[in-house]
Amino acid sequence: MAENGIGRLARLSQTERSALMSTIRSKDTKPEMLVRHYLHGLGMRYRLHDTKLPGKPDIVLPGRRVVVFVQGCFWHWHGDACGIRPGKPRTNRAQWETKLQGNVARDEKHRLALQAAGWRVLVVWECELKRGVRGATLHRLTSEITAADDLPPLEIH
Ligand SMILES: [Zn+2]
């Protein structure tokens with residue numbers, strides 16, 4: 001007999017459950033919404049989740065040749081610089097290790113492809129949007145976005 005979703009959810013460990021829940025919410029994560037609202041408030045116009053670009057960047061500012069990825073510290077494995085330092089799940093450790101390393105390698109591949117196509121790639125980490133550091137992060141992001149405002153807009157095909 002097929003197990004229903006609730007039964008499956010109940011059997012998960014805490015870590016597996018939070019991992020699953022963040023997958024479910026991955027489309028419009030709260031950190032991403034924070035960044036979007038902030039940039040929108042500054043009058044910046046952008047596209048979301050552009051599937052035509054490598055890695056489907058969360059926020060694309062075509063006129064400025066900038067893409068922004070808002071990355072979860074666990075799934076994209078922020079590593080030693082992380083202000084949250086999520087633990088790796090204790091069960092199926094090797095499997096998780098492979099999965100997370102794969103995510104990191106894929107992010108890097110997308111970054112290189114975007115840069116090769118003339119985009120500036122900015123990354124905001126989930127931990128950088130925690131209360132207390134959020135303001136400084138968004139301020140830094142804004143300076144990075146506007147740093148090259150004298151550049152001509154990039155044609156998008
Ligand atoms: Zn982090």
# chains A, B, ... in the order shown; residues from 1 in each chain; ligands from 1
$ residues_around --residues "range 130-136 of chain A" --least-positions-apart "6" --cutoff "10 Å" --atoms "only C-alpha atoms" --output "list in words"
Pro31, Leu34, Val35, Tyr38, Gly83, Ile84 and Thr142 of chain A
$ residues_around --residues "Leu100 in chain A" --least-positions-apart "2" --cutoff "7 Å" --atoms "only C-alpha atoms" --output "list in words"
Trp75, His76, Trp77, Trp96, Glu97, Thr98, Gly102, Asn103 and Val104 of chain A
$ closest_atom_pairs --of "chain A" --to "ligand 1" --cutoff "12 Å" --atoms "only C-alpha atoms and all ligand atoms" --output "tab-separated table"
residue	atom	partner	partner_atom_place_in_ligand_line	distance
A:Pro31	CA	ligand 1	1 (Zn)	11.7
A:Val70	CA	ligand 1	1 (Zn)	10.7
A:Gln71	CA	ligand 1	1 (Zn)	8.3
A:Gly72	CA	ligand 1	1 (Zn)	7.1
A:Cys73	CA	ligand 1	1 (Zn)	4.3
A:Phe74	CA	ligand 1	1 (Zn)	7.6
A:Trp75	CA	ligand 1	1 (Zn)	10.1
A:His76	CA	ligand 1	1 (Zn)	8.9
A:Trp77	CA	ligand 1	1 (Zn)	7.7
A:His78	CA	ligand 1	1 (Zn)	4.9
A:Gly79	CA	ligand 1	1 (Zn)	7.1
A:Asp80	CA	ligand 1	1 (Zn)	8.3
A:Ala81	CA	ligand 1	1 (Zn)	6.7
A:Cys82	CA	ligand 1	1 (Zn)	3.5
A:Gly83	CA	ligand 1	1 (Zn)	5.0
A:Ile84	CA	ligand 1	1 (Zn)	5.3
A:Arg85	CA	ligand 1	1 (Zn)	6.2
A:Pro86	CA	ligand 1	1 (Zn)	7.9
A:Gly87	CA	ligand 1	1 (Zn)	11.3
A:Val123	CA	ligand 1	1 (Zn)	10.9
A:Val124	CA	ligand 1	1 (Zn)	9.0
A:Trp125	CA	ligand 1	1 (Zn)	5.4
A:Glu126	CA	ligand 1	1 (Zn)	5.7
A:Cys127	CA	ligand 1	1 (Zn)	4.3
A:Glu128	CA	ligand 1	1 (Zn)	6.7
A:Leu129	CA	ligand 1	1 (Zn)	9.2
A:Lys130	CA	ligand 1	1 (Zn)	9.7
A:Val133	CA	ligand 1	1 (Zn)	11.9
$ atom_distance --atom1 "CA of His110 in chain A" --atom2 "CA of Ile145 in chain A"
18.8 Å
$ atom_distance --atom1 "CA of Val67 in chain A" --atom2 "CA of His40 in chain A"
14.6 Å
$ decode --residues "range 51-71 of chain A" --atoms "N, CA, C and O atoms" --output "PDB file, in the first residue's frame"
ATOM      1  N   THR A  51      14.899  31.404 -16.945  1.00  0.00           N
ATOM      2  CA  THR A  51      15.274  30.051 -17.357  1.00  0.00           C
ATOM      3  C   THR A  51      16.200  30.033 -18.565  1.00  0.00           C
ATOM      4  O   THR A  51      16.772  28.995 -18.894  1.00  0.00           O
ATOM      5  N   LYS A  52      16.353  31.200 -19.235  1.00  0.00           N
ATOM      6  CA  LYS A  52      17.234  31.221 -20.399  1.00  0.00           C
ATOM      7  C   LYS A  52      18.698  31.352 -19.989  1.00  0.00           C
ATOM      8  O   LYS A  52      19.590  31.185 -20.804  1.00  0.00           O
ATOM      9  N   LEU A  53      18.946  31.676 -18.741  1.00  0.00           N
ATOM     10  CA  LEU A  53      20.327  31.864 -18.289  1.00  0.00           C
ATOM     11  C   LEU A  53      20.802  30.675 -17.458  1.00  0.00           C
ATOM     12  O   LEU A  53      19.996  30.036 -16.770  1.00  0.00           O
ATOM     13  N   PRO A  54      22.118  30.395 -17.515  1.00  0.00           N
ATOM     14  CA  PRO A  54      22.660  29.280 -16.735  1.00  0.00           C
ATOM     15  C   PRO A  54      22.321  29.423 -15.249  1.00  0.00           C
ATOM     16  O   PRO A  54      22.497  30.497 -14.675  1.00  0.00           O
ATOM     17  N   GLY A  55      21.831  28.358 -14.662  1.00  0.00           N
ATOM     18  CA  GLY A  55      21.541  28.357 -13.239  1.00  0.00           C
ATOM     19  C   GLY A  55      20.240  29.039 -12.863  1.00  0.00           C
ATOM     20  O   GLY A  55      19.905  29.133 -11.694  1.00  0.00           O
ATOM     21  N   LYS A  56      19.511  29.529 -13.865  1.00  0.00           N
ATOM     22  CA  LYS A  56      18.220  30.179 -13.606  1.00  0.00           C
ATOM     23  C   LYS A  56      18.328  31.184 -12.455  1.00  0.00           C
ATOM     24  O   LYS A  56      17.771  30.977 -11.374  1.00  0.00           O
ATOM     25  N   PRO A  57      19.068  32.278 -12.674  1.00  0.00           N
ATOM     26  CA  PRO A  57      19.326  33.209 -11.559  1.00  0.00           C
ATOM     27  C   PRO A  57      18.030  33.745 -10.941  1.00  0.00           C
ATOM     28  O   PRO A  57      17.055  33.988 -11.646  1.00  0.00           O
ATOM     29  N   ASP A  58      18.052  33.917  -9.628  1.00  0.00           N
ATOM     30  CA  ASP A  58      16.864  34.359  -8.910  1.00  0.00           C
ATOM     31  C   ASP A  58      16.424  35.748  -9.362  1.00  0.00           C
ATOM     32  O   ASP A  58      15.246  36.008  -9.535  1.00  0.00           O
ATOM     33  N   ILE A  59      17.413  36.638  -9.512  1.00  0.00           N
ATOM     34  CA  ILE A  59      17.109  38.017  -9.876  1.00  0.00           C
ATOM     35  C   ILE A  59      18.038  38.424 -11.016  1.00  0.00           C
ATOM     36  O   ILE A  59      19.249  38.246 -10.925  1.00  0.00           O
ATOM     37  N   VAL A  60      17.464  38.938 -12.082  1.00  0.00           N
ATOM     38  CA  VAL A  60      18.251  39.351 -13.241  1.00  0.00           C
ATOM     39  C   VAL A  60      17.984  40.822 -13.520  1.00  0.00           C
ATOM     40  O   VAL A  60      16.840  41.232 -13.682  1.00  0.00           O
ATOM     41  N   LEU A  61      19.056  41.616 -13.543  1.00  0.00           N
ATOM     42  CA  LEU A  61      18.930  43.030 -13.881  1.00  0.00           C
ATOM     43  C   LEU A  61      19.613  43.237 -15.225  1.00  0.00           C
ATOM     44  O   LEU A  61      20.810  43.510 -15.287  1.00  0.00           O
ATOM     45  N   PRO A  62      18.844  43.079 -16.302  1.00  0.00           N
ATOM     46  CA  PRO A  62      19.427  43.047 -17.647  1.00  0.00           C
ATOM     47  C   PRO A  62      20.179  44.323 -17.997  1.00  0.00           C
ATOM     48  O   PRO A  62      21.246  44.273 -18.584  1.00  0.00           O
ATOM     49  N   GLY A  63      19.633  45.467 -17.630  1.00  0.00           N
ATOM     50  CA  GLY A  63      20.259  46.732 -17.971  1.00  0.00           C
ATOM     51  C   GLY A  63      21.617  46.921 -17.337  1.00  0.00           C
ATOM     52  O   GLY A  63      22.433  47.700 -17.810  1.00  0.00           O
ATOM     53  N   ARG A  64      21.855  46.225 -16.255  1.00  0.00           N
ATOM     54  CA  ARG A  64      23.114  46.386 -15.530  1.00  0.00           C
ATOM     55  C   ARG A  64      24.043  45.188 -15.688  1.00  0.00           C
ATOM     56  O   ARG A  64      25.092  45.140 -15.048  1.00  0.00           O
ATOM     57  N   ARG A  65      23.660  44.242 -16.491  1.00  0.00           N
ATOM     58  CA  ARG A  65      24.458  43.014 -16.675  1.00  0.00           C
ATOM     59  C   ARG A  65      24.723  42.289 -15.363  1.00  0.00           C
ATOM     60  O   ARG A  65      25.810  41.751 -15.136  1.00  0.00           O
ATOM     61  N   VAL A  66      23.734  42.314 -14.502  1.00  0.00           N
ATOM     62  CA  VAL A  66      23.933  41.706 -13.186  1.00  0.00           C
ATOM     63  C   VAL A  66      22.905  40.610 -12.943  1.00  0.00           C
ATOM     64  O   VAL A  66      21.726  40.779 -13.267  1.00  0.00           O
ATOM     65  N   VAL A  67      23.369  39.515 -12.393  1.00  0.00           N
ATOM     66  CA  VAL A  67      22.442  38.511 -11.869  1.00  0.00           C
ATOM     67  C   VAL A  67      22.749  38.324 -10.392  1.00  0.00           C
ATOM     68  O   VAL A  67      23.890  38.454  -9.957  1.00  0.00           O
ATOM     69  N   VAL A  68      21.700  38.035  -9.636  1.00  0.00           N
ATOM     70  CA  VAL A  68      21.867  37.813  -8.203  1.00  0.00           C
ATOM     71  C   VAL A  68      21.296  36.444  -7.853  1.00  0.00           C
ATOM     72  O   VAL A  68      20.170  36.112  -8.238  1.00  0.00           O
ATOM     73  N   PHE A  69      22.104  35.671  -7.159  1.00  0.00           N
ATOM     74  CA  PHE A  69      21.617  34.416  -6.606  1.00  0.00           C
ATOM     75  C   PHE A  69      21.461  34.595  -5.102  1.00  0.00           C
ATOM     76  O   PHE A  69      22.386  35.059  -4.436  1.00  0.00           O
ATOM     77  N   VAL A  70      20.302  34.227  -4.596  1.00  0.00           N
ATOM     78  CA  VAL A  70      20.108  34.227  -3.147  1.00  0.00           C
ATOM     79  C   VAL A  70      20.161  32.760  -2.726  1.00  0.00           C
ATOM     80  O   VAL A  70      19.294  31.970  -3.096  1.00  0.00           O
ATOM     81  N   GLN A  71      21.218  32.410  -2.017  1.00  0.00           N
ATOM     82  CA  GLN A  71      21.477  30.990  -1.800  1.00  0.00           C
ATOM     83  C   GLN A  71      21.293  30.545  -0.357  1.00  0.00           C
ATOM     84  O   GLN A  71      21.754  31.197   0.573  1.00  0.00           O
TER      85      GLN A  71
END
